[in-house]
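A short write-up of the structure that comes next.
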Amino acid sequence: MNPRITLATTTRILRQLRADHRTIAMMLVVPCVLLGLLAWIFDGTPVFDRIGAALLGVFPFVVMFIVTSVATLRERTSGTLERLLTTPLGKGDFMLGYALAFGIMAVLQALIATGFAIWVCGLDIAGPKWLLVVVAVCDALLGTALGLLVSGFAATEFQAVQFMPAFVLPQFLLCGLLVPRDALPSILSTLSDFMPLSYAVDAMRTIAAVPEPVGEVTTDIAVIVGAIVLSLALGSLTLRRRTP
Amino acid sequence: MNNDQGGRQSGGSTPGSGAAVVVEHLHVVRGERVVLPDLSVTVPTGQVVGLLGPSGGGKSTLMRAIVGVQQVESGEVTVLGEPAGSSALRHRVGYVTQSPSVYADLSVRHNLAYFAKVLGAPKDSVDRAIDAVDLRSHADSSVGTLSGGERSRVSLAAALVGDPELLVLDEPTVGLDPVLRRDLWNLFKRLAHEQGRTLFVSSHVMDEATRCDRLLLLRDGEILSDSTLPELLRRTGAPDAEQAFLALVDEAAANPREAR
Ligand SMILES: Nc1ncnc2c1ncn2[C@@H]1O[C@H](COP(=O)(O)OP(=O)(O)O)[C@@H](O)[C@H]1O
Ligand SMILES: [Mg+2]
């Protein structure tokens, strides 16, 4: 790995994004629209205060997963990845280049979505707001890392999108958003312990409910960061220089 | 398999010395198909070597093996004295894939700037590469808005920025008009004859044989001929490369074992 090449890759990806207004809208606007919609649906009930924070952890994850898996798959099908792998670019440069570029987008996304939820939708948060942003960024990075991993198994953009239900929906159903995790049947609750999204939702919930959540949330964040590192490492294993 | 070794640098007789690429008993299977059964060939340094043959013959597969992105069953590929694909080679070998592999959503200049950064090339290499492929007037256009021929020139330029010792070019002149084709072949010759670079260039258009210092004819994964064009014409008695190729195919069909 080489910092010059990693940063050049990040710059190149951000330049590509700048030309792609639809993807930028998907990253920055769609989470706000969805949050706004939910706030409106549950207007006048306590539901939004219960799930609003959790959703702040779910949307960045889903959006970044889709955007990343399609972007890297395009890189495979266009032949640019094959060419890059004959250059001094290391697999780690490629993975980290993407993680950094989408990490920067994740910070923007988290700031906008969190701000929108609190000031426009009137979400009540007991803990510090900056911590919501931290968890949201980790979560978006988790989506990016899983997207990078999964795109290695997809042959077409269509397949990459099909991975969404396979990878994301189970996590969505079991993460505690619909039914609190400790109220799930024991097998399902154990399963959810192995799903990184669960920790993001736990963390968001804690921040929303507890005024001094830092200690409690640190463990959750550590688990998410571990899952990010693991996915990136596995992802660079699925990047093969030699293909059939 | 090197039945004709009259080149300027006797390719094949002493693998490794004076040879940019030495392929020995390469066996490649893709899917269920044996694409290259047992291929041995040498590419001499400092020349423009053409790899000609009908499509489906295995040209791209051989090139992929040389740049180290093809899974191979067995055999050895040595490039500039190192095993193909080894990390020491990654800034010494430039590869242009058959379909243009550049970013359609970036401008020509931004594409080349990225590849220059990755290859550690100096800044002015971008402008030089743009001039070499005659895309100055499109330098700031997004690659997605260019024609197919222009796009493949961007893809070529992305390999030129690194000024590699060996350039492996998969059908770089397909779909270009005759003037541009001539200019690019002249560029290849200059790189080889004036700067000592080695160019390994494939094409399925037999006419391009006249542009190469040396020719490899590849059909169904087998090298039918490895010589200069005049030698090939003399040996087959054919008037041009296309006729010579047909003569060799007929010869091989009539006499499947000893033809080579
Ligand atoms: N990814 C692949 N999987 C399976 N077979 C392939 C693949 N790519 C090419 N082939 C087969 O390998 C053979 C040689 O292809 P190729 O090297 O691309 O030939 P050329 O470049 O001379 O047209 C063809 O029969 C082709 O169908
Ligand atoms: Mg080909």
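Going by the structure tokens order, chains are called A, B, ..., each with residues numbered from 1, while ligands are numbered from 1 in the order shown.
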
May I ask you to extract the residues of chain A within 7 Å of chain B, using only C-alpha atoms, and to give them as a tab-separated table (two decimals) with N, CA, C and O atoms, in the first residue's frame?
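Output contents, as saved in part-v9.tsv:
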```
chain	number	residue	atom	x	y	z
A	5	ILE	N	-1.04	6.60	-3.67
A	5	ILE	CA	-2.00	5.92	-4.55
A	5	ILE	C	-3.37	5.86	-3.90
A	5	ILE	O	-4.40	6.06	-4.56
A	8	ALA	N	-4.86	9.31	-4.25
A	8	ALA	CA	-5.21	9.57	-5.65
A	8	ALA	C	-6.51	8.85	-5.99
A	8	ALA	O	-7.37	9.38	-6.70
A	12	ARG	N	-9.99	10.56	-7.13
A	12	ARG	CA	-10.64	10.15	-8.39
A	12	ARG	C	-12.10	9.77	-8.14
A	12	ARG	O	-12.99	10.16	-8.90
A	16	GLN	N	-15.49	11.52	-9.61
A	16	GLN	CA	-16.56	10.80	-10.32
A	16	GLN	C	-17.91	11.11	-9.69
A	16	GLN	O	-18.89	11.31	-10.39
A	19	ALA	N	-19.58	14.36	-10.65
A	19	ALA	CA	-20.25	14.38	-11.95
A	19	ALA	C	-21.56	13.61	-11.92
A	19	ALA	O	-22.31	13.61	-12.88
A	78	SER	N	-16.09	-2.63	-16.21
A	78	SER	CA	-15.54	-1.71	-17.22
A	78	SER	C	-14.09	-2.04	-17.55
A	78	SER	O	-13.52	-1.46	-18.47
A	79	GLY	N	-13.48	-2.95	-16.81
A	79	GLY	CA	-12.09	-3.29	-17.09
A	79	GLY	C	-11.09	-2.39	-16.38
A	79	GLY	O	-9.90	-2.64	-16.42
A	80	THR	N	-11.57	-1.32	-15.73
A	80	THR	CA	-10.63	-0.43	-15.07
A	80	THR	C	-9.95	-1.13	-13.89
A	80	THR	O	-8.77	-0.90	-13.63
A	83	ARG	N	-7.18	-3.29	-15.24
A	83	ARG	CA	-6.02	-2.48	-15.59
A	83	ARG	C	-5.29	-2.00	-14.34
A	83	ARG	O	-4.07	-2.07	-14.25
A	86	THR	N	-2.81	-4.26	-12.77
A	86	THR	CA	-1.50	-4.44	-13.39
A	86	THR	C	-0.57	-3.27	-13.06
A	86	THR	O	0.58	-3.25	-13.48
A	87	THR	N	-1.05	-2.29	-12.34
A	87	THR	CA	-0.23	-1.13	-11.95
A	87	THR	C	0.23	-1.30	-10.50
A	87	THR	O	-0.17	-2.26	-9.83
A	88	PRO	N	1.04	-0.37	-10.00
A	88	PRO	CA	1.50	-0.50	-8.60
A	88	PRO	C	0.40	-0.38	-7.55
A	88	PRO	O	0.67	-0.52	-6.37
A	89	LEU	N	-0.85	-0.11	-7.97
A	89	LEU	CA	-1.94	0.00	-6.99
A	89	LEU	C	-2.13	-1.31	-6.23
A	89	LEU	O	-2.25	-2.37	-6.84
A	241	ARG	N	-6.08	-10.62	-8.41
A	241	ARG	CA	-5.37	-10.08	-9.57
A	241	ARG	C	-5.60	-10.96	-10.79
A	241	ARG	O	-5.79	-10.48	-11.89
A	242	ARG	N	-5.50	-12.26	-10.57
A	242	ARG	CA	-5.70	-13.18	-11.71
A	242	ARG	C	-7.12	-13.69	-11.72
A	242	ARG	O	-7.61	-14.18	-10.71
A	243	THR	N	-7.77	-13.59	-12.87
A	243	THR	CA	-9.14	-14.05	-13.00
A	243	THR	C	-9.21	-15.12	-14.10
A	243	THR	O	-8.31	-15.20	-14.91
A	244	PRO	N	-10.26	-15.93	-14.13
A	244	PRO	CA	-10.31	-17.05	-15.09
A	244	PRO	C	-10.39	-16.60	-16.55
A	244	PRO	O	-10.89	-15.61	-16.86
```

All residues having an atom within 7 Å of ligand 2 (only C-alpha atoms and all ligand atoms) as number ranges by chain: B: 55-56, 58-60, 98, 170

DSSP-assigned helix (DSSP H, G or I) members of range 33-120 of chain B, reported as a ChimeraX atom specification: /B:59-67,87-89,108-119

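Proximity to Pro37 in chain B at 9 Å, evaluated using only C-alpha atoms and with sequence-adjacent residues fewer than 6 positions away removed, yields B:His25, B:Leu26, B:His27, B:Val28, B:Val29, B:Gly221, B:Glu222.
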
Take the residues just selected and output them with all heavy atoms as a PDB file, in the first residue's frame.
```
ATOM      1  N   HIS B  25       5.513 -23.180 -22.756  1.00  0.00           N
ATOM      2  CA  HIS B  25       4.504 -24.222 -22.510  1.00  0.00           C
ATOM      3  C   HIS B  25       3.315 -23.692 -21.720  1.00  0.00           C
ATOM      4  O   HIS B  25       2.894 -24.298 -20.734  1.00  0.00           O
ATOM      5  CB  HIS B  25       5.130 -25.422 -21.786  1.00  0.00           C
ATOM      6  CG  HIS B  25       6.259 -26.021 -22.571  1.00  0.00           C
ATOM      7  ND1 HIS B  25       6.073 -26.651 -23.774  1.00  0.00           N
ATOM      8  CD2 HIS B  25       7.598 -26.041 -22.347  1.00  0.00           C
ATOM      9  CE1 HIS B  25       7.229 -27.052 -24.254  1.00  0.00           C
ATOM     10  NE2 HIS B  25       8.181 -26.689 -23.420  1.00  0.00           N
ATOM     11  N   LEU B  26       2.791 -22.573 -22.156  1.00  0.00           N
ATOM     12  CA  LEU B  26       1.657 -21.978 -21.448  1.00  0.00           C
ATOM     13  C   LEU B  26       0.382 -22.745 -21.776  1.00  0.00           C
ATOM     14  O   LEU B  26       0.052 -22.977 -22.936  1.00  0.00           O
ATOM     15  CB  LEU B  26       1.524 -20.506 -21.878  1.00  0.00           C
ATOM     16  CG  LEU B  26       0.399 -19.717 -21.224  1.00  0.00           C
ATOM     17  CD1 LEU B  26       0.601 -19.629 -19.726  1.00  0.00           C
ATOM     18  CD2 LEU B  26       0.307 -18.331 -21.837  1.00  0.00           C
ATOM     19  N   HIS B  27      -0.313 -23.118 -20.709  1.00  0.00           N
ATOM     20  CA  HIS B  27      -1.561 -23.869 -20.871  1.00  0.00           C
ATOM     21  C   HIS B  27      -2.645 -23.111 -20.111  1.00  0.00           C
ATOM     22  O   HIS B  27      -2.564 -22.947 -18.903  1.00  0.00           O
ATOM     23  CB  HIS B  27      -1.365 -25.279 -20.294  1.00  0.00           C
ATOM     24  CG  HIS B  27      -2.570 -26.161 -20.403  1.00  0.00           C
ATOM     25  ND1 HIS B  27      -3.094 -26.568 -21.612  1.00  0.00           N
ATOM     26  CD2 HIS B  27      -3.349 -26.707 -19.457  1.00  0.00           C
ATOM     27  CE1 HIS B  27      -4.154 -27.339 -21.397  1.00  0.00           C
ATOM     28  NE2 HIS B  27      -4.332 -27.436 -20.100  1.00  0.00           N
ATOM     29  N   VAL B  28      -3.645 -22.634 -20.848  1.00  0.00           N
ATOM     30  CA  VAL B  28      -4.695 -21.835 -20.212  1.00  0.00           C
ATOM     31  C   VAL B  28      -6.063 -22.410 -20.554  1.00  0.00           C
ATOM     32  O   VAL B  28      -6.372 -22.670 -21.716  1.00  0.00           O
ATOM     33  CB  VAL B  28      -4.641 -20.359 -20.676  1.00  0.00           C
ATOM     34  CG1 VAL B  28      -5.800 -19.579 -20.081  1.00  0.00           C
ATOM     35  CG2 VAL B  28      -3.323 -19.720 -20.292  1.00  0.00           C
ATOM     36  N   VAL B  29      -6.869 -22.586 -19.520  1.00  0.00           N
ATOM     37  CA  VAL B  29      -8.247 -23.045 -19.686  1.00  0.00           C
ATOM     38  C   VAL B  29      -9.166 -21.926 -19.218  1.00  0.00           C
ATOM     39  O   VAL B  29      -8.970 -21.372 -18.136  1.00  0.00           O
ATOM     40  CB  VAL B  29      -8.497 -24.320 -18.838  1.00  0.00           C
ATOM     41  CG1 VAL B  29      -9.940 -24.774 -18.995  1.00  0.00           C
ATOM     42  CG2 VAL B  29      -7.542 -25.421 -19.239  1.00  0.00           C
ATOM     43  N   GLY B 221      -5.398 -20.896 -30.514  1.00  0.00           N
ATOM     44  CA  GLY B 221      -4.444 -21.114 -29.434  1.00  0.00           C
ATOM     45  C   GLY B 221      -3.092 -21.634 -29.875  1.00  0.00           C
ATOM     46  O   GLY B 221      -2.264 -21.979 -29.039  1.00  0.00           O
ATOM     47  N   GLU B 222      -2.856 -21.684 -31.192  1.00  0.00           N
ATOM     48  CA  GLU B 222      -1.564 -22.176 -31.669  1.00  0.00           C
ATOM     49  C   GLU B 222      -0.874 -21.120 -32.506  1.00  0.00           C
ATOM     50  O   GLU B 222      -1.517 -20.430 -33.300  1.00  0.00           O
ATOM     51  CB  GLU B 222      -1.776 -23.421 -32.541  1.00  0.00           C
ATOM     52  CG  GLU B 222      -2.632 -24.463 -31.863  1.00  0.00           C
ATOM     53  CD  GLU B 222      -2.022 -25.845 -31.972  1.00  0.00           C
ATOM     54  OE1 GLU B 222      -0.898 -25.949 -32.487  1.00  0.00           O
ATOM     55  OE2 GLU B 222      -2.683 -26.800 -31.532  1.00  0.00           O
TER      56      GLU B 222
END
```

Shell around Val133 in chain B at 10 Å using only C-alpha atoms, local window under 6 positions removed, as a list in words: Glu150, Ser152, Arg153, Val154, Ser155, Leu156, Ala157, Leu160, Leu180, Asp183, Leu184 and Leu187 of chain B

Write the residues of the selection above to a file with N, CA and C atoms, as a PDB file, in the first residue's frame.
```
ATOM      1  N   GLU B 150     -12.105   7.582 -30.038  1.00  0.00           N
ATOM      2  CA  GLU B 150     -11.466   8.532 -29.121  1.00  0.00           C
ATOM      3  C   GLU B 150     -11.280   7.907 -27.747  1.00  0.00           C
ATOM      4  N   SER B 152     -10.872   4.770 -27.073  1.00  0.00           N
ATOM      5  CA  SER B 152      -9.788   3.788 -27.033  1.00  0.00           C
ATOM      6  C   SER B 152      -8.437   4.500 -27.053  1.00  0.00           C
ATOM      7  N   ARG B 153      -8.388   5.718 -27.622  1.00  0.00           N
ATOM      8  CA  ARG B 153      -7.129   6.468 -27.552  1.00  0.00           C
ATOM      9  C   ARG B 153      -6.858   6.970 -26.138  1.00  0.00           C
ATOM     10  N   VAL B 154      -7.922   7.323 -25.417  1.00  0.00           N
ATOM     11  CA  VAL B 154      -7.726   7.721 -24.015  1.00  0.00           C
ATOM     12  C   VAL B 154      -7.156   6.539 -23.235  1.00  0.00           C
ATOM     13  N   SER B 155      -7.712   5.356 -23.533  1.00  0.00           N
ATOM     14  CA  SER B 155      -7.269   4.153 -22.844  1.00  0.00           C
ATOM     15  C   SER B 155      -5.788   3.879 -23.139  1.00  0.00           C
ATOM     16  N   LEU B 156      -5.388   4.116 -24.388  1.00  0.00           N
ATOM     17  CA  LEU B 156      -3.979   3.964 -24.752  1.00  0.00           C
ATOM     18  C   LEU B 156      -3.117   4.997 -24.016  1.00  0.00           C
ATOM     19  N   ALA B 157      -3.601   6.239 -23.996  1.00  0.00           N
ATOM     20  CA  ALA B 157      -2.837   7.308 -23.339  1.00  0.00           C
ATOM     21  C   ALA B 157      -2.623   7.000 -21.866  1.00  0.00           C
ATOM     22  N   LEU B 160       0.369   5.122 -21.687  1.00  0.00           N
ATOM     23  CA  LEU B 160       1.563   5.868 -22.110  1.00  0.00           C
ATOM     24  C   LEU B 160       2.101   6.771 -21.001  1.00  0.00           C
ATOM     25  N   LEU B 180      -5.413   8.159 -38.456  1.00  0.00           N
ATOM     26  CA  LEU B 180      -5.064   7.956 -37.054  1.00  0.00           C
ATOM     27  C   LEU B 180      -4.324   6.649 -36.849  1.00  0.00           C
ATOM     28  N   ASP B 183      -0.834   7.127 -37.789  1.00  0.00           N
ATOM     29  CA  ASP B 183      -0.127   7.927 -36.777  1.00  0.00           C
ATOM     30  C   ASP B 183       0.215   7.088 -35.554  1.00  0.00           C
ATOM     31  N   LEU B 184      -0.748   6.255 -35.122  1.00  0.00           N
ATOM     32  CA  LEU B 184      -0.475   5.455 -33.931  1.00  0.00           C
ATOM     33  C   LEU B 184       0.625   4.431 -34.194  1.00  0.00           C
ATOM     34  N   LEU B 187       3.758   6.117 -33.994  1.00  0.00           N
ATOM     35  CA  LEU B 187       4.109   6.338 -32.588  1.00  0.00           C
ATOM     36  C   LEU B 187       4.717   5.070 -31.987  1.00  0.00           C
TER      37      LEU B 187
END
```

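For the choices B:Arg33, B:Arg214, B:Arg151, B:His193, the atom-to-atom distance to ligand 1 is smallest for B:Arg33 when using only C-alpha atoms and all ligand atoms.
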